[in-house]
Amino acid sequence: MSRTPSFLDFSFSPTTLLLCVSCIAVAVFIHTKRNTKTLKSGLRWAPSPPGYPVVGNLPDIVKAAKADRMHLQMQTWAKEYGPVVKVSAGTIDQYFINEDTAVKELLDKHSSTTSDRPRWIYSNEYVCDQKNVLLLSASHPRWKNQRKMINAMVTSPAAADSALPLNNFETARFLHAVITDPLANTAEQNVWAKLKRYQYSLFALQTFGFPINNEDSPSIHYIFWSVFESIKGTLPGAKIVETFPIFERLPMALKPWARAGRAAHERDLAWCRERMQRCKDAIAKGTALPYCTLARLLQDPKLGGLDSEDEAAYINLELIGAAADTSMMTMWGFLEAMLSYPAVQKKAQEEIDANVPDRLPVWEDLEDMPYLRCIMKEVWRWRPPVALGHPHVAQEDLEYKGIQIPKGAFLHLNAWAIHHDENRHKDPDAFIPERYEGDERSSQQSINLADPTQRDHFAFGAGRRICPGYHVAERSFFVGFSRLLWAFDIKPKPNAMLPLPRDSGFNGIMPGSRGKDLPFMLVLRDESKRSVIEQEYQQEMANFDVVLGMGDL
Ligand code: HEM
C-alpha cells in the first residue's frame with residue numbers, strides 16, 4: 001500500500017547525528033537552566049508525561065509519529081494530564097492546550113503576547129527568506145503587511161465571494177473528469193489525483209492566475225514538496241540548529257542546513273519569477289484574470305504594501321500551499337465520513353434533492369440547507385486538518401487554572417483533543433452532524449463568540465494568527481461537497497474493510513488525516529445527472545476559454 005508523504009517524515013542525517021552526540025553537554029546545560037525558571041507563588045508547573053533525561057519525551061513523539069499516531073498520543077496525554085500539558089522535545093518545551101476555555105484565555109484574550117511563532121532558522125530564515133506569513137515572527141513588519149494584503153485581496157468575504165465563479169468552474173471540471181474517466185464506477189478510479197488537481201488549480205487561479213489542467217502536472221508536485229520542505233523543518237528535532245541555535249554562528253561551510261535552505265529558496269524564487277513574468281505578459285495583453293492576486297498586486301503602484309515583486313510572487317506560492325492541502329484534507333475527511341456513515345449521506349442528499357433537483361448547487365444555496373451546514377461543522381470537528389495546531393510562542397509568563405506557562409513556551413492548540421473530548425461532544429469519535437442542529441453561525445460568528453464552549457470547532461486556530469482563509473474555505477468546501485453529493489453516491493469499494501479502525505490508518509498528509517487509500521468509489525446517482533454535468537461543464541469551459549488558453553501554471 002503506497003503511503004501518502006506526511007509532514008512527519010523526517011530523519012536525522014549522519015552530520016546531524018554527529019552534531020547531536022557532540023551537543024549532549026550543551027543540552028545538559030540548557031536542560032538544567034530550563035529547570036531553574038522561577039515559579040510564582042501559588043502556581044504550579046504544567047504536568048508532563050514522564051520522559052528521559054535531556055531528550056524528554058522525544059522518543060515517544062518520534063515513535064508515535066512513525067506509527068501515524070501523533071494526534072492519538074497527544075489526546076491520551078490530554079486525558080491523563082488535563083487542560084495544559086507540557087511535552088518536552090529535547091530542549092524545546094511544547095505546551096498542548098487541550099480545553100476550549102484555555103484556548104480563549106491564552107490565545108484569544110492574551111493574543112497580544114501569544115501570537116508570535118518560534119524562531120525557525122532553517123524554514124523561516126533560509127527556505128522562506130522571511131517572506132512566508134505562516135512562519136514569520138509577529139514582530140516582523142512583513143507579517144502585518146502580508147496579512148493586510150491577504151485579507152484585502154483574497155480572504156475577506158467580498159474577496160472570497162468574487163472567487164465563487166472559479167469554484168463553480170473547477171468543481172464542474174472535477175465532476176466531468178469523474179464521469180468521463182475510463183475507470184468510472186470501478187474500484188480503480190483515482191479520485192485522489194482528480195481532487196488534488198481541482199484544489200491546486202482552484203488556488204493557482206486565485207493566486208498566479210493560471211490553471212492546472214493535468215492530474216500529473218509538475219506544478220502540483222513542485223508546490224506540494226516546496227511547502228512540505230518548509231513545514232517539515234519546523235518540527236522539533238528536524239534540524240539540529242533549532243535545538244542549538246548557537247550553531248548558527250558557525251561559518252557557512254559548516255552549516256549544511258543554511259546551504260540547503262538557501263538553495264531551496266533560490267529554486268522557489270526562480271519558479272515564482274518565471275510565473276510572474278507570464279503574469280506580466282498576461283497583464284500587457286489584457287488577459288490577466290480579475291481574480292488573480294499577483295496581477296492585482298503588480299498593477300498596484302504600492303504593490304499591496306509588500307516590499308518587492310519577489311515577495312509578491314513568493315507569497316502567492318505559499319498561499320497555494322496554505323489553502324490547497326488543508327482544503328484537500330477537508331474533502332478527504334468528508335469522503336471518509338460519507339463512506340462510514342451512509343445514513344448521513346442519504347439525509348444530506350435528500351436535502352439537496354428537495355432544494356436543487358435539476359442543477360448543481362451553488363454557494364447561495366447554503367441558506368436553505370441547514371443539514372449541509374451541520375455537515376461542514378462536523379467534518380472540521382471530526383477531522384481537523386491541522387489537528388495539533390501550528391505553534392504560537394508565549395512572549396511573557398502566562399497563567400491558566402493555577403498553572404504557570406513560562407515565557408518562550410511553544411503553544412499548540414490541540415484541536416484533536418478538544419474536538420474528541422466526550423465532555424464537549426457526546427460520542428466524539430462518531431460523525432453526527434445533528435449535534436450542530438440549530439447552530440446556523442458562520443465560522444466567523446462562531447470564532448467571535450465570547451463563550452468558547454459554544455464555539456463549533458477550532459479547526460482554523462485562534463488569536464491573531466487565526467487562519468485568515470476561513471471565508472474562502474467555507475465557500476470552496478460547500479460548493480465542492482454539495483456538488484459531489486448531488487452527483488454521486490460515495491460507496492465502499494468491493495473489498496473495503498468497514499468500519500475503518502478508529503485508532504489506526506491515519507497515514508495522510510498531517511496527523512489525524514487518512515491517506516489516499518481510503519476505500520471508496522464515486523458512483524453516478526442516476527443517468528439524468530450526467531447530462532446536467534455535461535451541460536454545466538460545457539458552459540464553464542466556454543466561460544473560461546481564455547483561462548484554458550493560458551496553459552498550465
Ligand atoms: C479547510 C481549510 C483550512 C484550514 C483547516 C486551515 C487551518 C489553518 C490553521 C490551523 C492555521 C494556523 C492558525 C494558528 O496559528 O492559530 C492556518 C494559518 C493560515 N492559513 Fe489556513 N486553513 C485553511 C484554508 C486556508 C485558505 C483557503 C487560505 C487562503 C486562501 C489559508 C491561509 C492561511 C494563512 C495565510 C495562514 C497563516 C496565518 C498566520 O500565521 O498569520 N488557509 N490555517
# chains A, B, ... in the order shown; residues from 1 in each chain; ligands from 1
>>> residues_near_ligand(ligand="ligand 1", cutoff="8 Å", atoms="only C-alpha atoms and all ligand atoms", output="JSON, numbers by chain")
{"A": [115, 117, 133, 134, 135, 136, 138, 143, 147, 150, 154, 155, 203, 318, 319, 320, 322, 323, 324, 325, 326, 327, 328, 329, 330, 380, 384, 385, 386, 387, 389, 390, 391, 392, 413, 458, 459, 460, 461, 462, 463, 464, 465, 466, 467, 468, 469, 470, 471, 472, 473, 474, 476, 477]}
>>> residues_around(residues="stretch 271-278 of chain A", least_positions_apart="2", cutoff="12 Å", atoms="only C-alpha atoms", output="ChimeraX atom specification")
/A:204-205,207-211,218-219,222-223,226,264-269,280-285,287-288,292-298,308-318,550-553
>>> select_by_dssp(residues="stretch 361-427 of chain A", states="alpha helix (DSSP H)", output="list in words")
Pro370, Tyr371, Leu372, Arg373, Cys374, Ile375, Met376, Lys377, Glu378, Val379, Trp380, Arg381, Trp382, Ala415, Trp416, Ala417, Ile418 and His419 of chain A
>>> closest_residue(among="A:Ala238, A:Leu388, A:Val87, A:Ile246", to="A:Leu58", atoms="only C-alpha atoms")
A:Val87
>>> residues_around(residues="A:Ile97", least_positions_apart="6", cutoff="10 Å", atoms="only C-alpha atoms", output="list in words")
Ala78, Gly82, Pro83, Val84, Val85, Lys86, Val103, Leu106, Leu107, Leu388, Gly389, Leu411, His412, Leu413, Asn414, Ala415, Ala417 and Ile418 of chain A
>>> select_by_dssp(residues="stretch 371-479 of chain A", states="strand (DSSP E)", output="list in words")
His392, Val393, Leu398, Glu399, Tyr400, Ile403, Gln404, Ile405, Phe410, Leu411, His412 and Leu413 of chain A
>>> residues_around(residues="stretch 483-489 of chain A", least_positions_apart="3", cutoff="8 Å", atoms="only C-alpha atoms", output="number ranges by chain")
A: 171, 175, 345, 348-349, 352-353, 360-361, 479-480, 522-525, 529
>>> closest_residue(among="A:Pro256, A:Asp429, A:Lys347, A:Gly402", to="A:Pro501", atoms="only C-alpha atoms")
A:Asp429
>>> residues_around(residues="A:Ile403", least_positions_apart="6", cutoff="9 Å", atoms="only C-alpha atoms", output="number ranges by chain")
A: 43-47, 84
>>> closest_residue(among="A:Lys104, A:Glu534, A:Val54, A:Val62", to="A:Ala450", atoms="only C-alpha atoms")
A:Lys104
>>> closest_residue(among="A:Lys346, A:Lys109, A:Arg69, A:Lys196", to="A:Asp451", atoms="only C-alpha atoms")
A:Lys109
>>> residues_around(residues="A:Ile121", least_positions_apart="5", cutoff="9 Å", atoms="only C-alpha atoms", output="ChimeraX atom specification")
/A:126-127,233-234,239,241-242,245,248,257-258
>>> residues_around(residues="A:His176", least_positions_apart="4", cutoff="9 Å", atoms="only C-alpha atoms", output="list in words")
Thr171, Ala172, Thr180, Asp181, Arg530, Ile533, Glu534 and Tyr537 of chain A
>>> closest_residue(among="A:Ala409, A:Ala152, A:Cys279, A:Ala159", to="A:Arg119", atoms="only C-alpha atoms")
A:Ala409
